[in-house]
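Student: Sharing final.cif below, mmCIF, C-alpha atoms:
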data_run
#
loop_
_atom_site.label_atom_id
_atom_site.label_comp_id
_atom_site.auth_asym_id
_atom_site.auth_seq_id
_atom_site.Cartn_x
_atom_site.Cartn_y
_atom_site.Cartn_z
CA MET X 1 14.07 -26.73 8.42
CA ASN X 2 14.46 -23.21 9.71
CA GLN X 3 12.80 -20.87 7.25
CA ILE X 4 13.34 -17.64 9.19
CA PRO X 5 16.48 -16.44 7.33
CA ALA X 6 14.81 -17.09 3.97
CA LEU X 7 11.65 -15.30 5.12
CA ILE X 8 13.67 -12.27 6.19
CA ARG X 9 15.62 -12.21 2.92
CA VAL X 10 12.54 -12.50 0.73
CA PHE X 11 10.40 -9.96 2.56
CA ALA X 12 13.19 -7.40 2.98
CA TYR X 13 13.63 -7.60 -0.80
CA LEU X 14 9.88 -7.36 -1.46
CA SER X 15 9.77 -4.35 0.86
CA ILE X 16 11.78 -2.14 -1.48
CA LEU X 17 9.62 -3.15 -4.45
CA THR X 18 6.46 -1.63 -3.00
CA VAL X 19 6.70 1.53 -5.09
CA GLY X 20 3.24 3.05 -5.38
CA GLY X 21 1.66 0.43 -3.14
CA GLY X 22 1.88 -3.10 -1.85
CA MET X 23 0.45 -4.52 -5.07
CA ALA X 24 3.60 -3.49 -6.95
CA ALA X 25 5.46 -6.28 -5.18
CA PHE X 26 2.82 -8.88 -5.96
CA PRO X 27 4.34 -10.44 -9.13
CA GLU X 28 7.66 -11.08 -7.37
CA MET X 29 5.90 -12.11 -4.20
CA LYS X 30 4.17 -14.81 -6.22
CA ILE X 31 7.44 -16.01 -7.76
CA LEU X 32 9.37 -16.04 -4.48
CA THR X 33 6.80 -17.31 -1.98
CA VAL X 34 4.91 -19.70 -4.27
CA GLU X 35 7.36 -20.93 -6.90
CA VAL X 36 10.77 -20.65 -5.26
CA HIS X 37 10.10 -21.33 -1.57
CA LYS X 38 6.71 -23.06 -1.81
CA TRP X 39 5.49 -21.53 1.44
CA LEU X 40 1.95 -21.48 0.04
CA THR X 41 0.02 -22.05 -3.19
CA PHE X 42 -0.97 -19.35 -5.67
CA PRO X 43 -4.70 -19.63 -4.83
CA GLN X 44 -3.80 -19.31 -1.14
CA LEU X 45 -1.76 -16.18 -1.85
CA ILE X 46 -4.66 -14.65 -3.76
CA HIS X 47 -7.10 -15.57 -1.00
CA LEU X 48 -4.93 -14.09 1.74
CA TYR X 49 -4.34 -10.89 -0.19
CA SER X 50 -8.05 -10.51 -0.92
CA VAL X 51 -9.16 -11.24 2.62
CA GLY X 52 -6.56 -8.70 3.75
CA GLN X 53 -8.55 -6.04 1.91
CA MET X 54 -11.29 -6.45 4.51
CA ALA X 55 -8.91 -6.01 7.46
CA PRO X 56 -8.21 -2.54 8.86
CA GLY X 57 -4.75 -0.96 8.73
CA PRO X 58 -2.11 -1.13 5.98
CA ASN X 59 -3.34 -3.41 3.22
CA MET X 60 -0.45 -5.89 3.13
CA MET X 61 -0.71 -7.28 6.65
CA MET X 62 -1.54 -10.64 5.06
CA ILE X 63 2.22 -11.20 4.80
CA VAL X 64 2.30 -12.17 8.49
CA VAL X 65 0.27 -15.26 7.61
CA ILE X 66 2.98 -16.43 5.21
CA GLY X 67 5.52 -15.94 7.98
CA GLN X 68 3.34 -17.75 10.46
CA TRP X 69 2.79 -20.77 8.21
CA ALA X 70 6.46 -21.07 7.28
CA GLY X 71 8.03 -20.22 10.63
CA GLY X 72 5.44 -19.97 13.39
CA MET X 73 4.94 -16.88 15.54
CA LEU X 74 8.60 -15.96 15.19
CA GLY X 75 8.23 -16.22 11.43
CA ALA X 76 5.28 -13.83 11.48
CA ILE X 77 7.20 -11.25 13.49
CA ALA X 78 10.33 -11.69 11.34
CA VAL X 79 8.32 -11.15 8.16
CA LEU X 80 6.65 -8.04 9.54
CA ILE X 81 9.94 -6.46 10.57
CA ALA X 82 11.69 -7.46 7.35
CA PHE X 83 8.86 -6.11 5.21
CA LEU X 84 8.45 -2.81 7.07
CA GLY X 85 12.02 -2.08 8.16
CA PRO X 86 13.85 -1.24 4.92
CA THR X 87 11.22 1.11 3.51
CA ALA X 88 10.59 2.68 6.91
CA LEU X 89 14.27 3.53 7.22
CA LEU X 90 14.41 4.77 3.63
CA THR X 91 11.37 7.00 4.09
CA PHE X 92 12.73 8.34 7.35
CA VAL X 93 16.06 9.33 5.77
CA VAL X 94 14.85 10.45 2.35
CA ALA X 95 11.97 12.53 3.69
CA ARG X 96 14.41 14.65 5.69
CA LEU X 97 16.57 15.12 2.59
CA TRP X 98 13.52 15.69 0.38
CA LYS X 99 12.56 18.83 2.28
CA LYS X 100 16.05 20.25 1.80
CA LEU X 101 15.80 19.52 -1.93
CA GLU X 102 12.68 21.62 -2.38
CA LYS X 103 14.38 23.93 -4.86
CA TRP X 104 16.16 21.14 -6.75
CA PRO X 105 14.54 20.99 -10.24
CA TRP X 106 15.08 17.22 -10.59
CA ARG X 107 12.89 16.60 -7.58
CA ILE X 108 9.78 17.25 -9.63
CA SER X 109 11.22 15.24 -12.53
CA ILE X 110 11.70 12.24 -10.26
CA GLN X 111 8.17 12.51 -8.88
CA GLN X 112 6.66 12.93 -12.35
CA GLY X 113 8.77 10.15 -13.81
CA LEU X 114 8.09 7.63 -11.06
CA ALA X 115 4.32 8.20 -11.15
CA PRO X 116 3.60 6.30 -14.41
CA VAL X 117 6.06 3.54 -13.50
CA SER X 118 4.56 2.99 -10.06
CA ILE X 119 1.05 2.93 -11.52
CA GLY X 120 2.29 0.44 -14.12
CA LEU X 121 3.71 -1.75 -11.35
CA LEU X 122 0.36 -1.72 -9.54
CA LEU X 123 -1.38 -2.65 -12.78
CA ALA X 124 1.10 -5.46 -13.41
CA GLY X 125 0.40 -6.78 -9.91
CA CYS X 126 -3.32 -6.53 -10.59
CA PHE X 127 -2.95 -8.55 -13.82
CA THR X 128 -0.88 -11.21 -12.05
CA MET X 129 -3.62 -11.51 -9.48
CA ALA X 130 -6.41 -11.46 -12.05
CA LYS X 131 -4.83 -14.47 -13.78
CA GLY X 132 -5.53 -16.48 -10.66
CA ALA X 133 -8.71 -14.77 -9.48
CA ILE X 134 -10.72 -14.31 -12.66
CA SER X 135 -11.72 -17.69 -13.98
CA GLY X 136 -15.03 -17.20 -15.75
CA VAL X 137 -17.95 -14.92 -16.46
CA GLU X 138 -19.10 -14.71 -12.83
CA THR X 139 -15.75 -13.67 -11.35
CA ALA X 140 -15.18 -11.20 -14.20
CA ALA X 141 -18.63 -9.72 -13.56
CA ILE X 142 -17.89 -9.29 -9.84
CA ALA X 143 -14.58 -7.53 -10.60
CA VAL X 144 -16.12 -5.21 -13.19
CA GLY X 145 -19.10 -4.55 -10.93
CA VAL X 146 -16.86 -3.53 -8.03
CA LEU X 147 -14.79 -1.32 -10.34
CA LEU X 148 -17.84 0.46 -11.76
CA ILE X 149 -19.41 1.01 -8.35
CA LEU X 150 -16.18 2.45 -6.96
CA LEU X 151 -15.72 4.75 -9.95
CA ARG X 152 -19.27 6.09 -9.68
CA TYR X 153 -20.15 6.09 -6.00
CA LYS X 154 -18.40 6.82 -2.73
CA VAL X 155 -18.66 3.41 -1.09
CA ASN X 156 -16.32 1.89 1.48
CA PRO X 157 -14.25 -0.61 -0.57
CA ALA X 158 -14.15 -3.07 2.33
CA LEU X 159 -17.94 -3.38 2.14
CA LEU X 160 -17.72 -4.27 -1.57
CA VAL X 161 -15.21 -7.00 -0.79
CA VAL X 162 -17.65 -8.37 1.78
CA GLY X 163 -20.31 -8.14 -0.94
CA GLY X 164 -17.99 -10.18 -3.17
CA ALA X 165 -17.91 -12.88 -0.49
CA VAL X 166 -21.71 -13.03 -0.38
CA LEU X 167 -21.96 -13.17 -4.18
CA GLY X 168 -19.27 -15.84 -4.16
CA VAL X 169 -21.26 -18.04 -1.79
CA PHE X 170 -24.36 -17.69 -3.97
CA SER X 171 -22.53 -18.28 -7.26
CA PHE X 172 -19.92 -20.89 -6.47
CA MET X 173 -21.36 -23.13 -3.73
CA PRO X 174 -21.58 -26.64 -5.15
CA LYS X 175 -25.26 -27.49 -5.50
CA MET K 1 -3.71 17.47 30.16
CA SER K 2 -1.51 17.73 27.09
CA GLU K 3 -4.52 16.54 25.13
CA THR K 4 -6.46 19.66 26.05
CA VAL K 5 -3.44 21.73 25.16
CA ALA K 6 -3.35 20.08 21.74
CA LYS K 7 -7.06 20.77 21.31
CA LEU K 8 -6.66 24.40 22.27
CA ALA K 9 -3.77 24.73 19.87
CA GLY K 10 -5.92 23.21 17.18
CA GLN K 11 -8.67 25.71 17.76
CA ARG K 12 -6.25 28.51 17.16
CA GLY K 13 -6.11 27.30 13.60
CA ALA K 14 -3.84 25.49 11.23
CA ASP K 15 -0.81 27.63 11.98
CA ALA K 16 -0.81 26.59 15.58
CA ALA K 17 -0.61 22.96 14.54
CA SER K 18 2.83 23.43 13.06
CA ALA K 19 4.01 25.14 16.22
CA GLN K 20 5.07 22.07 18.17
CA VAL K 21 2.79 20.97 20.95
CA ALA K 22 4.40 18.22 22.98
CA VAL K 23 2.79 14.92 22.08
CA SER K 24 3.89 11.90 24.07
CA ILE K 25 5.12 8.66 22.50
CA GLY K 26 2.20 6.89 24.20
CA GLN K 27 -0.31 9.24 22.61
CA ILE K 28 1.23 8.70 19.18
CA PHE K 29 1.13 4.93 19.62
CA LEU K 30 -2.48 4.98 20.84
CA GLU K 31 -3.75 7.25 18.07
CA PHE K 32 -2.11 5.13 15.35
CA LEU K 33 -3.32 1.97 17.06
CA ILE K 34 -6.88 3.30 16.83
CA ILE K 35 -6.38 4.17 13.15
CA GLY K 36 -4.90 0.72 12.58
CA ALA K 37 -7.90 -0.94 14.19
CA THR K 38 -10.67 1.09 12.57
CA SER K 39 -9.47 1.99 9.06
CA PHE K 40 -11.57 -0.38 7.01
CA GLY K 41 -11.29 0.05 3.25
CA GLY K 42 -8.22 2.28 2.99
CA VAL K 43 -6.16 4.12 5.56
CA VAL K 44 -5.72 7.60 4.07
CA PRO K 45 -9.17 9.08 4.88
CA TYR K 46 -8.87 7.79 8.45
CA LEU K 47 -5.38 9.28 8.77
CA ARG K 48 -6.67 12.66 7.65
CA GLY K 49 -9.70 12.48 9.94
CA SER K 50 -7.60 11.62 12.95
CA LEU K 51 -4.37 13.57 12.47
CA VAL K 52 -5.68 16.71 10.76
CA THR K 53 -9.29 17.08 11.85
CA LYS K 54 -9.34 15.52 15.30
CA ARG K 55 -5.84 15.97 16.75
CA HIS K 56 -4.48 18.88 14.68
CA TRP K 57 -1.07 17.24 14.73
CA VAL K 58 -0.51 18.18 11.08
CA ASP K 59 -2.29 20.78 8.99
CA ASP K 60 -3.97 20.00 5.72
CA LYS K 61 -1.21 21.34 3.47
CA GLU K 62 1.42 19.38 5.35
CA PHE K 63 -0.73 16.27 5.16
CA VAL K 64 -0.96 16.51 1.37
CA GLU K 65 2.82 17.03 1.12
CA MET K 66 3.51 14.04 3.34
CA LEU K 67 1.10 11.94 1.30
CA SER K 68 2.86 12.85 -1.95
CA ILE K 69 6.23 11.85 -0.45
CA SER K 70 4.66 8.62 0.86
CA GLN K 71 3.39 7.75 -2.58
CA SER K 72 6.67 8.49 -4.36
CA LEU K 73 8.82 6.39 -2.06
CA PRO K 74 8.78 2.60 -1.75
CA GLY K 75 6.68 1.35 1.14
CA LEU K 76 2.99 1.25 1.88
CA ASN K 77 1.26 4.63 2.00
CA ALA K 78 -0.06 3.93 5.48
CA THR K 79 3.30 2.95 6.97
CA ASN K 80 5.18 5.76 5.22
CA MET K 81 2.65 8.25 6.58
CA ALA K 82 3.14 6.79 10.06
CA ILE K 83 6.91 7.30 9.73
CA LEU K 84 6.57 10.89 8.52
CA VAL K 85 3.98 11.99 11.08
CA GLY K 86 5.73 10.17 13.92
CA ASP K 87 9.03 11.81 12.95
CA LYS K 88 7.42 15.23 12.83
CA LEU K 89 5.90 14.81 16.29
CA ARG K 90 8.66 13.04 18.23
CA GLY K 91 11.53 12.11 15.92
CA ALA K 92 12.68 8.52 15.39
CA LEU K 93 10.91 7.14 18.46
CA GLY K 94 7.68 8.75 17.31
CA SER K 95 8.06 7.05 13.94
CA ILE K 96 8.56 3.66 15.55
CA ALA K 97 5.56 4.12 17.87
CA ALA K 98 3.37 5.17 14.95
CA ILE K 99 4.34 2.34 12.58
CA ILE K 100 3.92 -0.33 15.26
CA GLY K 101 0.58 1.15 16.29
CA ILE K 102 -0.85 1.28 12.80
CA CYS K 103 0.27 -2.25 11.86
CA LEU K 104 -0.47 -4.14 15.05
CA PRO K 105 -4.27 -4.59 14.85
CA GLY K 106 -4.29 -5.68 11.19
CA ALA K 107 -1.32 -8.00 11.69
CA VAL K 108 -2.86 -9.71 14.72
CA LEU K 109 -6.22 -10.02 12.96
CA MET K 110 -4.60 -11.54 9.87
CA CYS K 111 -2.69 -14.01 12.06
CA VAL K 112 -6.01 -15.23 13.44
CA VAL K 113 -7.54 -15.30 9.95
CA GLY K 114 -4.52 -17.29 8.75
CA MET K 115 -4.97 -19.93 11.43
CA PHE K 116 -8.68 -20.22 10.68
CA TYR K 117 -8.04 -20.38 6.93
CA ARG K 118 -5.48 -23.11 7.36
CA ILE K 119 -8.06 -25.29 9.10
CA HIS K 120 -11.22 -24.39 7.20
CA GLY K 121 -9.82 -23.02 3.92
CA ASP K 122 -10.89 -26.03 1.88
CA HIS K 123 -14.55 -26.09 2.94
CA ASP K 124 -16.93 -25.53 0.03
CA PHE K 125 -18.50 -22.53 1.72
CA VAL K 126 -15.16 -20.81 2.37
CA THR K 127 -13.80 -21.59 -1.10
CA ALA K 128 -16.91 -20.14 -2.73
CA ALA K 129 -16.79 -16.97 -0.60
CA LEU K 130 -13.07 -16.51 -1.25
CA LYS K 131 -13.57 -16.81 -4.99
CA GLY K 132 -15.96 -13.86 -4.79
CA VAL K 133 -13.65 -11.95 -2.46
CA ALA K 134 -10.67 -12.37 -4.80
CA ALA K 135 -12.68 -11.19 -7.81
CA ALA K 136 -13.89 -8.15 -5.86
CA ALA K 137 -10.31 -7.38 -4.82
CA VAL K 138 -9.24 -7.30 -8.48
CA GLY K 139 -11.96 -4.70 -9.15
CA LEU K 140 -10.79 -2.74 -6.12
CA ILE K 141 -7.16 -2.63 -7.25
CA LEU K 142 -8.23 -1.58 -10.75
CA SER K 143 -10.20 1.31 -9.30
CA THR K 144 -7.14 2.37 -7.28
CA VAL K 145 -5.03 2.26 -10.45
CA MET K 146 -7.60 4.33 -12.36
CA GLY K 147 -7.91 6.87 -9.55
CA LEU K 148 -4.12 7.29 -9.41
CA SER K 149 -3.82 7.54 -13.22
CA GLU K 150 -6.40 10.29 -13.32
CA LYS K 151 -4.60 12.18 -10.59
CA SER K 152 -0.96 11.80 -11.52
CA LEU K 153 -0.57 10.88 -15.18
CA ALA K 154 0.07 13.85 -17.44
CA GLY K 155 0.02 13.39 -21.19
CA LYS K 156 0.12 10.36 -23.45
CA PHE K 157 3.78 9.61 -22.85
CA ASP K 158 3.00 8.80 -19.23
CA PHE K 159 0.60 6.14 -20.50
CA VAL K 160 3.39 4.77 -22.68
CA PHE K 161 5.68 4.51 -19.64
CA MET K 162 2.90 2.83 -17.70
CA ALA K 163 2.28 0.35 -20.52
CA LEU K 164 6.03 -0.35 -20.86
CA THR K 165 6.15 -1.18 -17.15
CA VAL K 166 3.23 -3.60 -17.40
CA ILE K 167 4.69 -5.29 -20.49
CA ALA K 168 8.14 -5.60 -18.91
CA VAL K 169 6.78 -7.27 -15.77
CA ASN K 170 3.86 -9.34 -17.07
CA ARG K 171 4.98 -10.24 -20.62
CA LEU K 172 8.77 -10.09 -20.63
CA HIS K 173 8.97 -11.35 -17.02
CA GLN K 174 11.57 -8.78 -16.06
CA SER K 175 12.20 -8.29 -12.38
CA VAL K 176 10.56 -5.30 -10.73
CA PRO K 177 13.88 -3.62 -9.77
CA ARG K 178 15.20 -3.84 -13.31
CA THR K 179 11.94 -2.49 -14.73
CA LEU K 180 11.90 0.26 -12.16
CA VAL K 181 15.45 1.35 -12.98
CA VAL K 182 15.14 1.16 -16.78
CA VAL K 183 11.63 2.53 -17.35
CA GLY K 184 11.90 4.82 -14.33
CA LEU K 185 15.10 6.43 -15.63
CA LEU K 186 13.56 6.88 -19.08
CA ALA K 187 10.50 8.52 -17.55
CA ILE K 188 12.55 10.75 -15.24
CA LEU K 189 14.73 11.84 -18.17
CA PHE K 190 11.60 12.55 -20.18
CA HIS K 191 10.33 14.75 -17.38
CA ARG K 192 13.76 16.38 -16.93
CA PRO K 193 13.87 20.01 -15.89
CA ARG K 194 13.75 22.19 -18.99
CA LYS K 195 15.63 25.43 -19.04
CA LYS K 196 13.40 28.47 -19.17
CA GLN K 197 15.84 30.34 -21.45
CA LYS K 198 15.53 27.59 -24.01
CA GLU K 199 11.78 27.99 -24.12
CA SER K 200 11.96 31.72 -24.58
CA ALA K 201 14.65 31.30 -27.24
CA THR K 202 12.40 29.09 -29.34
CA LEU K 203 9.47 31.44 -28.98
#
Output the file's structure in the form of structure tokens.
Tutor:
Amino acid sequence: MNQIPALIRVFAYLSILTVGGGMAAFPEMKILTVEVHKWLTFPQLIHLYSVGQMAPGPNMMMIVVIGQWAGGMLGAIAVLIAFLGPTALLTFVVARLWKKLEKWPWRISIQQGLAPVSIGLLLAGCFTMAKGAISGVETAAIAVGVLLILLRYKVNPALLVVGGAVLGVFSFMPK
Amino acid sequence: MSETVAKLAGQRGADAASAQVAVSIGQIFLEFLIIGATSFGGVVPYLRGSLVTKRHWVDDKEFVEMLSISQSLPGLNATNMAILVGDKLRGALGSIAAIIGICLPGAVLMCVVGMFYRIHGDHDFVTAALKGVAAAAVGLILSTVMGLSEKSLAGKFDFVFMALTVIAVNRLHQSVPRTLVVVGLLAILFHRPRKKQKESATL
């Protein structure tokens, strides 16, 4: 069955949800890609997202994998365009307006008001992911460890994710 | 040639950067391609290093402004920045060159990773490593959330709005758009512009 139209629909919708960051779209991404369309499983989604943190560039490029699995190379390209297009166009248009609205008092209100909501959306995405990724003392310890290190020291986050992989091999390899 | 011109302009200081130096579409694409291929662990510092420090395509103040717009609007920070900088340099075509450049390396890499994962994803070794990677990613997102909260949350009501958002999405299973509209409007109204006269009247 041709999945391309569904892929485009889903990822164009997810695109406009990425307020504050890609993670804001994660709860709905789980519902739509895992539960509704069954393009992949929840653990697979978590794995792809996490591995994506080690890749360079924008941190949601893992979406192309979903497109590729569901619709081949064309699916990957369709997903990328659908996911980037709507917000790219919006940013392009709004940014030009935004500059003209410099004196408009509501501009600051909108920025101040959207800040807590976008942070809340990121946190909600984080919790959704934690439900699948944190399954015991060891995984919780890795997450807390990474958090504490990042809050205290200036370390490249990608290195810590690689560190997580090493710890994972040591902790979870069946004996 | 135009590269040396850009460099010279940069040496004349930040002001010169805003005076347009012709940057070709190819140069924009290449610079963002390099950022896209090298920016491990978060794009923003690499963007600043390349666009402000190395190329002088935008000055520091402009960069911060663009970043604040990128964060307020839907879309990934990295891709929104590509749109804004590309537009500044060469209009719509510049934006397109920049966004393709910054996404291409990561997208291709993830495609390869996806193929590999599909074949080897259920090996014990890979499963164990991925379990650690996923846990580390949760810690990473939490640190991003805490960094942003420190920077942009003002006062306890902002924490209430943040909590309301989390509860709406995670507990009440409301859709993100609905949450965004309802809680977002409340928060924007809370932060509405207050009249200065009113303040002086109450004083």
Student: Would you give me, as number ranges by chain, the residues of chain X that come within 6 Å of chain K, using all atoms listed in the file?
Tutor: X: 16, 18-22, 50, 55-58, 61-62, 65, 87, 105, 109-110, 113-114, 116-117, 120, 124, 133, 139, 142-144, 146-147, 156-158, 161, 164-165, 168-169, 172-173
Student: Please indicate the distance in Å from atom CA of X:Leu150 to atom CA of X:Met23, rounded to one decimal place.
Tutor: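 Separating atom CA of X:Leu150 from atom CA of X:Met23 is a distance of 18.1 Å.
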Student: Which one is closest to X:His47: X:Ala140, X:Leu80, X:Leu167, X:Met129? Count all atoms listed in the file.
Tutor: X:Met129
Student: If I take atom CA of X:Ile119 and atom CA of K:Leu172, how far is one from the other in Å, to one decimal?
Tutor: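 Atom-to-atom, atom CA of X:Ile119 to atom CA of K:Leu172, that is 17.7 Å.
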Student: When you draw a straight line from atom CA of X:Lys30 to atom CA of X:Leu74, how long is it in Å?
Tutor: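 According to the coordinates, atom CA of X:Lys30 and atom CA of X:Leu74 are separated by 21.9 Å.
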Student: For the file shown, what are the residues hit by the PyMOL selection byres ((chain X and resi 41) around 12), laid out as a PyMOL selection string?
Tutor: (chain X and resi 29-40+42-48+66+69+132) or (chain K and resi 118)
Student: Can I get the selection written as a tab-separated table (two decimals), in the coordinates of the input, with C-alpha atoms?
Tutor:
chain	number	residue	atom	x	y	z
X	29	MET	CA	5.90	-12.11	-4.20
X	30	LYS	CA	4.17	-14.81	-6.22
X	31	ILE	CA	7.44	-16.01	-7.76
X	32	LEU	CA	9.37	-16.04	-4.48
X	33	THR	CA	6.80	-17.31	-1.98
X	34	VAL	CA	4.91	-19.70	-4.27
X	35	GLU	CA	7.36	-20.93	-6.90
X	36	VAL	CA	10.77	-20.65	-5.26
X	37	HIS	CA	10.10	-21.33	-1.57
X	38	LYS	CA	6.71	-23.06	-1.81
X	39	TRP	CA	5.49	-21.53	1.44
X	40	LEU	CA	1.95	-21.48	0.04
X	42	PHE	CA	-0.97	-19.35	-5.67
X	43	PRO	CA	-4.70	-19.63	-4.83
X	44	GLN	CA	-3.80	-19.31	-1.14
X	45	LEU	CA	-1.76	-16.18	-1.85
X	46	ILE	CA	-4.66	-14.65	-3.76
X	47	HIS	CA	-7.10	-15.57	-1.00
X	48	LEU	CA	-4.93	-14.09	1.74
X	66	ILE	CA	2.98	-16.43	5.21
X	69	TRP	CA	2.79	-20.77	8.21
X	132	GLY	CA	-5.53	-16.48	-10.66
K	118	ARG	CA	-5.48	-23.11	7.36
Student: I'd like the neighbourhood of X:Pro86 as a CSV table (one decimal) with C-alpha atoms, in the coordinates of the input, where a residue qualifies if any of its atoms comes within 10 Å (using all atoms listed in the file), though same-chain residues fewer than 5 positions away should be ignored.
Tutor:
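Writing done, so here's part.csv:
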chain,number,residue,atom,x,y,z
X,11,PHE,CA,10.4,-10.0,2.6
X,12,ALA,CA,13.2,-7.4,3.0
X,13,TYR,CA,13.6,-7.6,-0.8
X,14,LEU,CA,9.9,-7.4,-1.5
X,15,SER,CA,9.8,-4.4,0.9
X,16,ILE,CA,11.8,-2.1,-1.5
X,81,ILE,CA,9.9,-6.5,10.6
X,91,THR,CA,11.4,7.0,4.1
X,92,PHE,CA,12.7,8.3,7.4
K,74,PRO,CA,8.8,2.6,-1.8
K,75,GLY,CA,6.7,1.4,1.1
Student: Which residues, named as in the file, does the PyMOL selection byres ((chain X and resi 71) around 12) pick out? Answer as a list in words.
Tutor: Met1, Asn2, Gln3, Ile4, Pro5, Ala6, Leu7, Ile8, Trp39, Val64, Val65, Ile66, Gly67, Gln68, Trp69, Ala70, Gly72, Met73, Leu74, Gly75, Ala76, Ile77, Ala78 and Val79 of chain X
Student: Draw an axis-aligned box over all listed atoms of stretch 82-95 of chain X, pad each side with 6 Å, and write its centre and edge lengths in Å, one decimal, as AutoDock Vina command-line options.
Tutor:
--center_x 12.3 --center_y 2.5 --center_z 5.3 --size_x 19.6 --size_y 32.0 --size_z 17.8
Student: Any chance you could build stretch 156-170 of chain X out to N, CA and C atoms and write it as a short mmCIF file (atom, residue, chain, number, x, y, z; two decimals), keeping the file's coordinate frame?
Tutor:
data_model
loop_
_atom_site.label_atom_id
_atom_site.label_comp_id
_atom_site.auth_asym_id
_atom_site.auth_seq_id
_atom_site.Cartn_x
_atom_site.Cartn_y
_atom_site.Cartn_z
N ASN X 156 -17.49 2.46 0.82
CA ASN X 156 -16.32 1.89 1.48
C ASN X 156 -15.91 0.59 0.76
N PRO X 157 -14.68 0.56 0.20
CA PRO X 157 -14.25 -0.61 -0.57
C PRO X 157 -14.35 -1.92 0.21
N ALA X 158 -14.11 -1.84 1.53
CA ALA X 158 -14.15 -3.07 2.33
C ALA X 158 -15.55 -3.71 2.27
N LEU X 159 -16.58 -2.86 2.22
CA LEU X 159 -17.94 -3.38 2.14
C LEU X 159 -18.15 -4.13 0.83
N LEU X 160 -17.57 -3.60 -0.27
CA LEU X 160 -17.72 -4.27 -1.57
C LEU X 160 -17.03 -5.62 -1.57
N VAL X 161 -15.90 -5.70 -0.86
CA VAL X 161 -15.21 -7.00 -0.79
C VAL X 161 -16.07 -7.99 -0.01
N VAL X 162 -16.71 -7.51 1.05
CA VAL X 162 -17.65 -8.37 1.78
C VAL X 162 -18.80 -8.79 0.85
N GLY X 163 -19.28 -7.83 0.05
CA GLY X 163 -20.31 -8.14 -0.94
C GLY X 163 -19.85 -9.23 -1.90
N GLY X 164 -18.56 -9.16 -2.29
CA GLY X 164 -17.99 -10.18 -3.17
C GLY X 164 -18.07 -11.56 -2.52
N ALA X 165 -17.83 -11.60 -1.21
CA ALA X 165 -17.91 -12.88 -0.49
C ALA X 165 -19.32 -13.45 -0.56
N VAL X 166 -20.31 -12.59 -0.35
CA VAL X 166 -21.71 -13.03 -0.38
C VAL X 166 -22.07 -13.54 -1.78
N LEU X 167 -21.71 -12.74 -2.80
CA LEU X 167 -21.96 -13.17 -4.18
C LEU X 167 -21.26 -14.49 -4.47
N GLY X 168 -20.03 -14.62 -3.95
CA GLY X 168 -19.27 -15.84 -4.16
C GLY X 168 -19.99 -17.05 -3.62
N VAL X 169 -20.53 -16.93 -2.41
CA VAL X 169 -21.26 -18.04 -1.79
C VAL X 169 -22.45 -18.43 -2.66
N PHE X 170 -23.18 -17.40 -3.15
CA PHE X 170 -24.36 -17.69 -3.97
C PHE X 170 -23.98 -18.31 -5.32
#
